[in-house]
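Shown next: protein_6.csv, given as CSV, N, CA and C atoms.
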```
chain,number,residue,atom,x,y,z
A,10,MET,N,-9.2,-20.4,3.3
A,10,MET,CA,-8.7,-20.7,4.6
A,10,MET,C,-8.8,-22.2,4.8
A,11,ALA,N,-7.7,-22.8,5.3
A,11,ALA,CA,-7.6,-24.3,5.4
A,11,ALA,C,-8.6,-24.8,6.5
A,12,LYS,N,-9.1,-25.9,6.2
A,12,LYS,CA,-10.1,-26.5,7.1
A,12,LYS,C,-9.5,-26.7,8.6
A,13,ASP,N,-8.3,-27.1,8.7
A,13,ASP,CA,-7.6,-27.3,10.0
A,13,ASP,C,-7.6,-25.9,10.7
A,14,ARG,N,-7.3,-24.9,10.0
A,14,ARG,CA,-7.2,-23.6,10.6
A,14,ARG,C,-8.5,-23.1,11.2
A,15,GLN,N,-9.6,-23.4,10.4
A,15,GLN,CA,-10.9,-23.0,10.9
A,15,GLN,C,-11.3,-23.6,12.2
A,16,ALA,N,-10.8,-24.9,12.5
A,16,ALA,CA,-11.2,-25.6,13.7
A,16,ALA,C,-10.6,-24.9,14.9
A,17,ALA,N,-9.4,-24.3,14.8
A,17,ALA,CA,-8.7,-23.7,15.9
A,17,ALA,C,-9.0,-22.2,16.1
A,18,LEU,N,-9.7,-21.6,15.2
A,18,LEU,CA,-9.8,-20.1,15.2
A,18,LEU,C,-10.7,-19.6,16.4
A,19,VAL,N,-10.2,-18.6,17.0
A,19,VAL,CA,-11.1,-17.9,17.9
A,19,VAL,C,-11.7,-16.7,17.1
A,20,ARG,N,-10.9,-16.0,16.4
A,20,ARG,CA,-11.3,-14.9,15.5
A,20,ARG,C,-10.2,-14.7,14.5
A,21,LYS,N,-10.5,-14.3,13.3
A,21,LYS,CA,-9.5,-14.1,12.3
A,21,LYS,C,-9.8,-12.7,11.6
A,22,ASP,N,-8.8,-11.9,11.6
A,22,ASP,CA,-8.9,-10.5,11.0
A,22,ASP,C,-7.8,-10.3,10.1
A,23,ARG,N,-8.0,-9.3,9.2
A,23,ARG,CA,-6.9,-8.9,8.3
A,23,ARG,C,-6.4,-7.6,8.9
A,24,ILE,N,-5.1,-7.6,9.4
A,24,ILE,CA,-4.5,-6.4,9.9
A,24,ILE,C,-3.3,-6.1,9.1
A,25,GLY,N,-3.3,-4.9,8.4
A,25,GLY,CA,-2.2,-4.6,7.5
A,25,GLY,C,-2.2,-5.6,6.4
A,26,GLU,N,-1.0,-6.2,6.1
A,26,GLU,CA,-0.8,-7.1,5.1
A,26,GLU,C,-0.9,-8.6,5.6
A,27,ALA,N,-1.0,-8.8,6.9
A,27,ALA,CA,-0.9,-10.2,7.4
A,27,ALA,C,-2.2,-10.6,7.9
A,28,ASP,N,-2.6,-11.9,7.6
A,28,ASP,CA,-3.7,-12.5,8.2
A,28,ASP,C,-3.3,-12.9,9.6
A,29,ARG,N,-4.0,-12.5,10.6
A,29,ARG,CA,-3.7,-12.8,12.0
A,29,ARG,C,-4.7,-13.8,12.5
A,30,THR,N,-4.3,-14.8,13.2
A,30,THR,CA,-5.2,-15.7,13.8
A,30,THR,C,-5.1,-15.5,15.3
A,31,PHE,N,-6.2,-15.3,16.0
A,31,PHE,CA,-6.2,-15.1,17.4
A,31,PHE,C,-6.2,-16.4,18.2
A,32,VAL,N,-5.2,-16.5,19.0
A,32,VAL,CA,-4.9,-17.8,19.8
A,32,VAL,C,-4.7,-17.4,21.2
A,33,ALA,N,-4.4,-18.5,22.0
A,33,ALA,CA,-4.0,-18.3,23.4
A,33,ALA,C,-3.0,-19.5,23.7
A,34,SER,N,-1.7,-19.2,23.7
A,34,SER,CA,-0.7,-20.2,23.8
A,34,SER,C,0.5,-19.7,24.6
A,35,PRO,N,1.0,-20.4,25.5
A,35,PRO,CA,2.2,-20.0,26.2
A,35,PRO,C,3.4,-19.8,25.3
A,36,VAL,N,4.2,-18.7,25.6
A,36,VAL,CA,5.4,-18.4,24.8
A,36,VAL,C,6.5,-18.0,25.8
A,37,SER,N,7.7,-18.4,25.4
A,37,SER,CA,8.9,-18.0,26.2
A,37,SER,C,9.8,-17.2,25.2
A,38,LEU,N,10.3,-16.1,25.8
A,38,LEU,CA,11.2,-15.2,25.0
A,38,LEU,C,12.5,-15.1,25.7
A,39,LYS,N,13.6,-15.0,25.0
A,39,LYS,CA,14.9,-14.7,25.6
A,39,LYS,C,15.4,-13.4,24.9
A,40,ALA,N,15.7,-12.4,25.7
A,40,ALA,CA,16.2,-11.1,25.2
A,40,ALA,C,17.5,-10.8,26.0
A,41,ASP,N,18.1,-9.7,25.6
A,41,ASP,CA,19.3,-9.2,26.3
A,41,ASP,C,19.0,-9.0,27.8
A,42,GLN,N,17.8,-8.6,28.1
A,42,GLN,CA,17.4,-8.3,29.5
A,42,GLN,C,17.0,-9.5,30.3
A,43,GLY,N,17.0,-10.7,29.7
A,43,GLY,CA,16.7,-11.9,30.4
A,43,GLY,C,15.6,-12.7,29.7
A,44,ARG,N,14.9,-13.6,30.5
A,44,ARG,CA,13.9,-14.5,30.0
A,44,ARG,C,12.5,-13.9,30.3
A,45,PHE,N,11.6,-14.1,29.4
A,45,PHE,CA,10.2,-13.5,29.6
A,45,PHE,C,9.2,-14.6,29.3
A,46,HIS,N,8.1,-14.7,30.0
A,46,HIS,CA,7.0,-15.6,29.7
A,46,HIS,C,5.7,-14.9,29.5
A,47,GLY,N,5.0,-15.3,28.5
A,47,GLY,CA,3.7,-14.7,28.3
A,47,GLY,C,2.8,-15.6,27.5
A,48,ILE,N,1.8,-15.0,26.9
A,48,ILE,CA,0.8,-15.7,26.1
A,48,ILE,C,0.8,-15.1,24.7
A,49,ALA,N,1.0,-15.9,23.7
A,49,ALA,CA,0.9,-15.5,22.3
A,49,ALA,C,-0.6,-15.3,22.1
A,50,CYS,N,-1.1,-14.2,21.7
A,50,CYS,CA,-2.5,-13.9,21.5
A,50,CYS,C,-2.9,-13.7,20.1
A,51,ASP,N,-2.0,-13.5,19.2
A,51,ASP,CA,-2.3,-13.6,17.7
A,51,ASP,C,-1.0,-13.9,17.0
A,52,VAL,N,-1.2,-14.6,15.9
A,52,VAL,CA,0.0,-15.1,15.1
A,52,VAL,C,-0.3,-14.9,13.7
A,53,SER,N,0.8,-14.7,12.9
A,53,SER,CA,0.7,-14.7,11.5
A,53,SER,C,2.0,-15.4,11.0
A,54,GLU,N,2.1,-15.5,9.7
A,54,GLU,CA,3.3,-16.1,9.1
A,54,GLU,C,4.5,-15.2,9.4
A,55,SER,N,4.3,-13.9,9.6
A,55,SER,CA,5.4,-13.0,9.8
A,55,SER,C,5.6,-12.4,11.2
A,56,GLY,N,4.7,-12.7,12.1
A,56,GLY,CA,4.8,-12.1,13.4
A,56,GLY,C,3.9,-12.6,14.5
A,57,ILE,N,4.1,-12.2,15.7
A,57,ILE,CA,3.4,-12.7,16.9
A,57,ILE,C,3.1,-11.5,17.8
A,58,LYS,N,1.9,-11.4,18.3
A,58,LYS,CA,1.6,-10.5,19.4
A,58,LYS,C,1.7,-11.3,20.7
A,59,VAL,N,2.4,-10.8,21.7
A,59,VAL,CA,2.6,-11.5,23.0
A,59,VAL,C,2.1,-10.6,24.1
A,60,VAL,N,1.3,-11.1,25.0
A,60,VAL,CA,0.8,-10.4,26.2
A,60,VAL,C,1.7,-10.9,27.3
A,61,LEU,N,2.3,-10.0,28.1
A,61,LEU,CA,3.1,-10.3,29.3
A,61,LEU,C,3.2,-9.2,30.2
A,62,ASP,N,3.5,-9.5,31.5
A,62,ASP,CA,3.5,-8.4,32.5
A,62,ASP,C,4.5,-7.4,32.3
A,63,GLN,N,5.8,-7.8,32.1
A,63,GLN,CA,6.9,-6.9,31.9
A,63,GLN,C,7.5,-7.1,30.5
A,64,PRO,N,7.2,-6.4,29.5
A,64,PRO,CA,7.7,-6.7,28.2
A,64,PRO,C,9.2,-6.3,28.0
A,65,PRO,N,9.9,-7.1,27.2
A,65,PRO,CA,11.3,-6.7,27.0
A,65,PRO,C,11.4,-5.4,26.1
A,66,GLN,N,12.6,-4.9,26.1
A,66,GLN,CA,12.8,-3.7,25.2
A,66,GLN,C,12.8,-4.1,23.8
A,67,LEU,N,12.7,-3.1,22.9
A,67,LEU,CA,12.8,-3.3,21.5
A,67,LEU,C,14.2,-3.9,21.2
A,68,GLY,N,14.2,-4.9,20.2
A,68,GLY,CA,15.4,-5.5,19.9
A,68,GLY,C,15.3,-7.0,19.6
A,69,PRO,N,16.4,-7.7,19.4
A,69,PRO,CA,16.3,-9.1,19.0
A,69,PRO,C,15.8,-10.0,20.2
A,70,VAL,N,15.1,-11.1,19.8
A,70,VAL,CA,14.6,-12.0,20.8
A,70,VAL,C,14.7,-13.4,20.2
A,71,SER,N,14.8,-14.4,21.0
A,71,SER,CA,14.5,-15.8,20.6
A,71,SER,C,13.2,-16.2,21.2
A,72,ILE,N,12.4,-16.9,20.4
A,72,ILE,CA,11.0,-17.2,20.7
A,72,ILE,C,10.8,-18.7,20.7
A,73,LYS,N,10.1,-19.2,21.8
A,73,LYS,CA,9.8,-20.6,21.9
A,73,LYS,C,8.3,-20.8,22.1
A,74,LEU,N,7.6,-21.4,21.1
A,74,LEU,CA,6.2,-21.7,21.3
A,74,LEU,C,6.1,-23.2,21.4
A,75,ILE,N,5.2,-23.8,22.2
A,75,ILE,CA,5.0,-25.2,22.3
A,75,ILE,C,4.8,-25.8,20.9
A,76,GLY,N,5.6,-26.9,20.6
A,76,GLY,CA,5.4,-27.6,19.4
A,76,GLY,C,6.2,-27.0,18.2
A,77,LEU,N,6.9,-26.0,18.4
A,77,LEU,CA,7.8,-25.4,17.3
A,77,LEU,C,9.2,-25.3,17.8
A,78,PRO,N,10.2,-25.3,16.9
A,78,PRO,CA,11.6,-25.1,17.3
A,78,PRO,C,11.7,-23.6,17.7
A,79,THR,N,12.8,-23.3,18.5
A,79,THR,CA,13.1,-21.9,18.8
A,79,THR,C,13.4,-21.2,17.6
A,80,PHE,N,12.9,-20.0,17.4
A,80,PHE,CA,13.2,-19.2,16.3
A,80,PHE,C,13.5,-17.7,16.7
A,81,SER,N,14.1,-17.0,15.8
A,81,SER,CA,14.5,-15.6,16.0
A,81,SER,C,13.5,-14.6,15.6
A,82,GLY,N,13.5,-13.4,16.2
A,82,GLY,CA,12.7,-12.3,15.8
A,82,GLY,C,13.2,-11.0,16.4
A,83,GLN,N,12.4,-10.0,16.2
A,83,GLN,CA,12.7,-8.7,16.6
A,83,GLN,C,11.5,-8.0,17.2
A,84,VAL,N,11.6,-7.6,18.5
A,84,VAL,CA,10.5,-6.8,19.1
A,84,VAL,C,10.5,-5.5,18.4
A,85,CYS,N,9.4,-5.3,17.6
A,85,CYS,CA,9.3,-4.1,16.7
A,85,CYS,C,8.3,-3.1,17.3
A,86,TRP,N,7.5,-3.4,18.3
A,86,TRP,CA,6.7,-2.4,19.0
A,86,TRP,C,6.5,-3.0,20.4
A,87,ARG,N,6.2,-2.0,21.3
A,87,ARG,CA,6.1,-2.3,22.7
A,87,ARG,C,5.0,-1.4,23.3
A,88,ARG,N,4.1,-2.0,24.0
A,88,ARG,CA,3.1,-1.2,24.7
A,88,ARG,C,3.0,-1.8,26.1
A,89,PRO,N,2.4,-1.1,27.1
A,89,PRO,CA,2.3,-1.7,28.4
A,89,PRO,C,1.5,-3.0,28.3
A,90,GLY,N,2.2,-4.1,28.7
A,90,GLY,CA,1.5,-5.4,28.8
A,90,GLY,C,1.6,-6.2,27.5
A,91,SER,N,2.2,-5.7,26.4
A,91,SER,CA,2.3,-6.5,25.2
A,91,SER,C,3.4,-6.0,24.3
A,92,ILE,N,3.8,-6.9,23.4
A,92,ILE,CA,4.8,-6.6,22.4
A,92,ILE,C,4.4,-7.2,21.0
A,93,GLY,N,5.0,-6.7,20.0
A,93,GLY,CA,4.9,-7.3,18.6
A,93,GLY,C,6.2,-7.8,18.2
A,94,VAL,N,6.3,-9.0,17.8
A,94,VAL,CA,7.5,-9.6,17.4
A,94,VAL,C,7.5,-9.9,15.9
A,95,GLN,N,8.4,-9.3,15.1
A,95,GLN,CA,8.5,-9.7,13.7
A,95,GLN,C,9.5,-10.8,13.6
A,96,LEU,N,9.0,-11.9,12.9
A,96,LEU,CA,9.9,-13.1,12.8
A,96,LEU,C,11.0,-12.8,11.8
A,97,ALA,N,12.2,-13.3,12.1
A,97,ALA,CA,13.3,-13.2,11.2
A,97,ALA,C,13.1,-13.9,9.9
A,98,THR,N,12.4,-15.1,10.0
A,98,THR,CA,12.1,-15.9,8.8
A,98,THR,C,10.6,-16.3,9.0
A,99,PRO,N,9.8,-15.9,8.0
A,99,PRO,CA,8.3,-16.2,8.1
A,99,PRO,C,8.1,-17.7,8.2
A,100,LEU,N,7.0,-18.0,9.0
A,100,LEU,CA,6.6,-19.4,9.1
A,100,LEU,C,5.9,-19.9,7.9
A,101,PRO,N,6.3,-21.0,7.3
A,101,PRO,CA,5.5,-21.6,6.2
A,101,PRO,C,4.0,-21.7,6.5
A,102,PRO,N,3.1,-21.5,5.6
A,102,PRO,CA,1.7,-21.6,5.9
A,102,PRO,C,1.3,-22.9,6.5
A,103,GLU,N,1.9,-24.0,6.0
A,103,GLU,CA,1.5,-25.3,6.4
A,103,GLU,C,1.9,-25.6,7.9
A,104,VAL,N,3.1,-25.0,8.3
A,104,VAL,CA,3.6,-25.1,9.6
A,104,VAL,C,2.7,-24.3,10.6
A,105,LEU,N,2.3,-23.1,10.2
A,105,LEU,CA,1.5,-22.3,11.0
A,105,LEU,C,0.1,-22.9,11.2
A,106,ASP,N,-0.5,-23.4,10.1
A,106,ASP,CA,-1.8,-24.1,10.1
A,106,ASP,C,-1.8,-25.3,11.1
A,107,SER,N,-0.7,-26.1,11.0
A,107,SER,CA,-0.6,-27.3,11.8
A,107,SER,C,-0.5,-26.9,13.3
A,108,TRP,N,0.4,-25.8,13.6
A,108,TRP,CA,0.6,-25.4,14.9
A,108,TRP,C,-0.7,-24.8,15.5
A,109,ILE,N,-1.5,-24.1,14.8
A,109,ILE,CA,-2.8,-23.5,15.2
A,109,ILE,C,-3.7,-24.7,15.6
A,110,LYS,N,-3.8,-25.7,14.7
A,110,LYS,CA,-4.7,-26.8,15.0
A,110,LYS,C,-4.3,-27.5,16.3
A,111,HIS,N,-3.0,-27.7,16.5
A,111,HIS,CA,-2.6,-28.5,17.7
A,111,HIS,C,-2.3,-27.8,18.9
A,112,HIS,N,-1.9,-26.5,18.8
A,112,HIS,CA,-1.4,-25.8,20.0
A,112,HIS,C,-2.0,-24.4,20.1
A,113,GLY,N,-2.9,-24.0,19.3
A,113,GLY,CA,-3.3,-22.6,19.2
A,113,GLY,C,-4.1,-22.1,20.4
A,114,ASN,N,-4.7,-23.0,21.2
A,114,ASN,CA,-5.5,-22.5,22.4
A,114,ASN,C,-5.2,-23.4,23.6
A,115,GLU,N,-4.0,-23.2,24.2
A,115,GLU,CA,-3.5,-24.0,25.3
A,115,GLU,C,-3.3,-23.1,26.5
A,116,GLU,N,-3.9,-22.0,26.7
A,116,GLU,CA,-3.7,-21.1,27.8
A,116,GLU,C,-4.1,-21.8,29.1
```
Transcribe the structure of this file into structure tokens.
Amino acid sequence: MAKDRQAALVRKDRIGEADRTFVASPVSLKADQGRFHGIACDVSESGIKVVLDQPPQLGPVSIKLIGLPTFSGQVCWRRPGSIGVQLATPLPPEVLDSWIKHHGNEE
């Protein structure tokens, strides 16, 4: 694990095939149903778990995290108060590490 990533970690677990880093950072989503705002609570190169009051339906979304360009994804699971977004294009490890270091805990 990169030194920079260690500094920003709250907790790191291995879930399925993806290393997930637990964070707290504002996120904005745009879906067919409108705009949504929540907190990214864990991230990996391939996905993000977002906590929000009224989650969007399953389907495509645009995602904006502080410090990163807007990118595309798919809401692949939905539970009361949270969603899982699979990214259309995985984040490069060095981009994710830098983002975690600088923006991973901005709640």
I want to know what sits within 12 Å of Thr98 (chain A), based on only C-alpha atoms, with residues of the same chain fewer than 6 positions away left out; could you give that as a list in words?
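My list of contacting residues is Ser53, Glu54, Ser55, Gly56, Thr79, Phe80, Ser81, Gly82 and Gln83 of chain A.
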Exercise: Pro65 (chain A) partners within 8 Å, only C-alpha atoms, chain neighbours under 5 positions left out, as an MDAnalysis selection string:
chainID A and resid 40 42 45 84 92
For Gln66 (chain A), which residue among A:Leu38, A:Ile109, A:Ala97, A:Cys85 is the nearest when counting only N, CA and C atoms?
A:Cys85
Find the distance between CA of Gly47 (chain A) and CA of Pro102 (chain A) and write it in Å to one decimal.
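So the answer is 23.5 Å.
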When DSSP is applied to the backbone of this structure, which of chain A are assigned strand (DSSP E or B)? Write them out as a compact mmCIF listing (two decimals) with N, CA and C atoms, in the frame of the given file.
```txt
# COMPACT_ATOMS: atom_id res chain seq x y z
N LYS A 21 -10.50 -14.30 13.30
CA LYS A 21 -9.50 -14.10 12.30
C LYS A 21 -9.80 -12.70 11.60
N ASP A 22 -8.80 -11.90 11.60
CA ASP A 22 -8.90 -10.50 11.00
C ASP A 22 -7.80 -10.30 10.10
N ARG A 23 -8.00 -9.30 9.20
CA ARG A 23 -6.90 -8.90 8.30
C ARG A 23 -6.40 -7.60 8.90
N ILE A 24 -5.10 -7.60 9.40
CA ILE A 24 -4.50 -6.40 9.90
C ILE A 24 -3.30 -6.10 9.10
N ALA A 27 -1.00 -8.80 6.90
CA ALA A 27 -0.90 -10.20 7.40
C ALA A 27 -2.20 -10.60 7.90
N ASP A 28 -2.60 -11.90 7.60
CA ASP A 28 -3.70 -12.50 8.20
C ASP A 28 -3.30 -12.90 9.60
N ARG A 29 -4.00 -12.50 10.60
CA ARG A 29 -3.70 -12.80 12.00
C ARG A 29 -4.70 -13.80 12.50
N THR A 30 -4.30 -14.80 13.20
CA THR A 30 -5.20 -15.70 13.80
C THR A 30 -5.10 -15.50 15.30
N PHE A 31 -6.20 -15.30 16.00
CA PHE A 31 -6.20 -15.10 17.40
C PHE A 31 -6.20 -16.40 18.20
N VAL A 32 -5.20 -16.50 19.00
CA VAL A 32 -4.90 -17.80 19.80
C VAL A 32 -4.70 -17.40 21.20
N ALA A 33 -4.40 -18.50 22.00
CA ALA A 33 -4.00 -18.30 23.40
C ALA A 33 -3.00 -19.50 23.70
N SER A 34 -1.70 -19.20 23.70
CA SER A 34 -0.70 -20.20 23.80
C SER A 34 0.50 -19.70 24.60
N PRO A 35 1.00 -20.40 25.50
CA PRO A 35 2.20 -20.00 26.20
C PRO A 35 3.40 -19.80 25.30
N VAL A 36 4.20 -18.70 25.60
CA VAL A 36 5.40 -18.40 24.80
C VAL A 36 6.50 -18.00 25.80
N SER A 37 7.70 -18.40 25.40
CA SER A 37 8.90 -18.00 26.20
C SER A 37 9.80 -17.20 25.20
N LEU A 38 10.30 -16.10 25.80
CA LEU A 38 11.20 -15.20 25.00
C LEU A 38 12.50 -15.10 25.70
N LYS A 39 13.60 -15.00 25.00
CA LYS A 39 14.90 -14.70 25.60
C LYS A 39 15.40 -13.40 24.90
N ALA A 40 15.70 -12.40 25.70
CA ALA A 40 16.20 -11.10 25.20
C ALA A 40 17.50 -10.80 26.00
N GLY A 43 17.00 -10.70 29.70
CA GLY A 43 16.70 -11.90 30.40
C GLY A 43 15.60 -12.70 29.70
N ARG A 44 14.90 -13.60 30.50
CA ARG A 44 13.90 -14.50 30.00
C ARG A 44 12.50 -13.90 30.30
N PHE A 45 11.60 -14.10 29.40
CA PHE A 45 10.20 -13.50 29.60
C PHE A 45 9.20 -14.60 29.30
N HIS A 46 8.10 -14.70 30.00
CA HIS A 46 7.00 -15.60 29.70
C HIS A 46 5.70 -14.90 29.50
N GLY A 47 5.00 -15.30 28.50
CA GLY A 47 3.70 -14.70 28.30
C GLY A 47 2.80 -15.60 27.50
N ILE A 48 1.80 -15.00 26.90
CA ILE A 48 0.80 -15.70 26.10
C ILE A 48 0.80 -15.10 24.70
N ALA A 49 1.00 -15.90 23.70
CA ALA A 49 0.90 -15.50 22.30
C ALA A 49 -0.60 -15.30 22.10
N CYS A 50 -1.10 -14.20 21.70
CA CYS A 50 -2.50 -13.90 21.50
C CYS A 50 -2.90 -13.70 20.10
N ASP A 51 -2.00 -13.50 19.20
CA ASP A 51 -2.30 -13.60 17.70
C ASP A 51 -1.00 -13.90 17.00
N VAL A 52 -1.20 -14.60 15.90
CA VAL A 52 0.00 -15.10 15.10
C VAL A 52 -0.30 -14.90 13.70
N GLY A 56 4.70 -12.70 12.10
CA GLY A 56 4.80 -12.10 13.40
C GLY A 56 3.90 -12.60 14.50
N ILE A 57 4.10 -12.20 15.70
CA ILE A 57 3.40 -12.70 16.90
C ILE A 57 3.10 -11.50 17.80
N LYS A 58 1.90 -11.40 18.30
CA LYS A 58 1.60 -10.50 19.40
C LYS A 58 1.70 -11.30 20.70
N VAL A 59 2.40 -10.80 21.70
CA VAL A 59 2.60 -11.50 23.00
C VAL A 59 2.10 -10.60 24.10
N VAL A 60 1.30 -11.10 25.00
CA VAL A 60 0.80 -10.40 26.20
C VAL A 60 1.70 -10.90 27.30
N GLY A 68 14.20 -4.90 20.20
CA GLY A 68 15.40 -5.50 19.90
C GLY A 68 15.30 -7.00 19.60
N PRO A 69 16.40 -7.70 19.40
CA PRO A 69 16.30 -9.10 19.00
C PRO A 69 15.80 -10.00 20.20
N VAL A 70 15.10 -11.10 19.80
CA VAL A 70 14.60 -12.00 20.80
C VAL A 70 14.70 -13.40 20.20
N SER A 71 14.80 -14.40 21.00
CA SER A 71 14.50 -15.80 20.60
C SER A 71 13.20 -16.20 21.20
N ILE A 72 12.40 -16.90 20.40
CA ILE A 72 11.00 -17.20 20.70
C ILE A 72 10.80 -18.70 20.70
N LYS A 73 10.10 -19.20 21.80
CA LYS A 73 9.80 -20.60 21.90
C LYS A 73 8.30 -20.80 22.10
N LEU A 74 7.60 -21.40 21.10
CA LEU A 74 6.20 -21.70 21.30
C LEU A 74 6.10 -23.20 21.40
N PHE A 80 12.90 -20.00 17.40
CA PHE A 80 13.20 -19.20 16.30
C PHE A 80 13.50 -17.70 16.70
N SER A 81 14.10 -17.00 15.80
CA SER A 81 14.50 -15.60 16.00
C SER A 81 13.50 -14.60 15.60
N GLY A 82 13.50 -13.40 16.20
CA GLY A 82 12.70 -12.30 15.80
C GLY A 82 13.20 -11.00 16.40
N GLN A 83 12.40 -10.00 16.20
CA GLN A 83 12.70 -8.70 16.60
C GLN A 83 11.50 -8.00 17.20
N VAL A 84 11.60 -7.60 18.50
CA VAL A 84 10.50 -6.80 19.10
C VAL A 84 10.50 -5.50 18.40
N CYS A 85 9.40 -5.30 17.60
CA CYS A 85 9.30 -4.10 16.70
C CYS A 85 8.30 -3.10 17.30
N TRP A 86 7.50 -3.40 18.30
CA TRP A 86 6.70 -2.40 19.00
C TRP A 86 6.50 -3.00 20.40
N ARG A 87 6.20 -2.00 21.30
CA ARG A 87 6.10 -2.30 22.70
C ARG A 87 5.00 -1.40 23.30
N ARG A 88 4.10 -2.00 24.00
CA ARG A 88 3.10 -1.20 24.70
C ARG A 88 3.00 -1.80 26.10
N SER A 91 2.20 -5.70 26.40
CA SER A 91 2.30 -6.50 25.20
C SER A 91 3.40 -6.00 24.30
N ILE A 92 3.80 -6.90 23.40
CA ILE A 92 4.80 -6.60 22.40
C ILE A 92 4.40 -7.20 21.00
N GLY A 93 5.00 -6.70 20.00
CA GLY A 93 4.90 -7.30 18.60
C GLY A 93 6.20 -7.80 18.20
N VAL A 94 6.30 -9.00 17.80
CA VAL A 94 7.50 -9.60 17.40
C VAL A 94 7.50 -9.90 15.90
N GLN A 95 8.40 -9.30 15.10
CA GLN A 95 8.50 -9.70 13.70
C GLN A 95 9.50 -10.80 13.60
N LEU A 96 9.00 -11.90 12.90
CA LEU A 96 9.90 -13.10 12.80
C LEU A 96 11.00 -12.80 11.80
N ASN A 114 -4.70 -23.00 21.20
CA ASN A 114 -5.50 -22.50 22.40
C ASN A 114 -5.20 -23.40 23.60
```
I'd like the interatomic distance between CA of Gln63 (chain A) and CA of Phe31 (chain A), to a tenth of an Å.
21.2 Å
Using the chain letters and numbers from this document, which residues of chain A does DSSP assign to alpha helix (DSSP H), as a list of chain:residue names?
A:Lys12, A:Asp13, A:Arg14, A:Gln15, A:Ala16, A:Ala17, A:Pro102, A:Glu103, A:Val104, A:Leu105, A:Asp106, A:Ser107, A:Trp108, A:Ile109, A:Lys110, A:His111, A:His112
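Rounded to one decimal, CA of Gly113 (chain A) and atom C of Asp41 (chain A) lie 27.5 Å from each other.
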Dump as number ranges by chain all residues having an atom at most 8 Å from (2.0, -20.4, 27.7), computed in the file's coordinates with only C-alpha atoms.
A: 33-37, 46-49, 74-75, 115-116
Which residue of A:Pro64, A:Pro101, A:Pro89, A:Pro78 approaches Gly43 (chain A) most closely, using only C-alpha atoms:
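Closest to Gly43 (chain A) of all the choices is A:Pro64.
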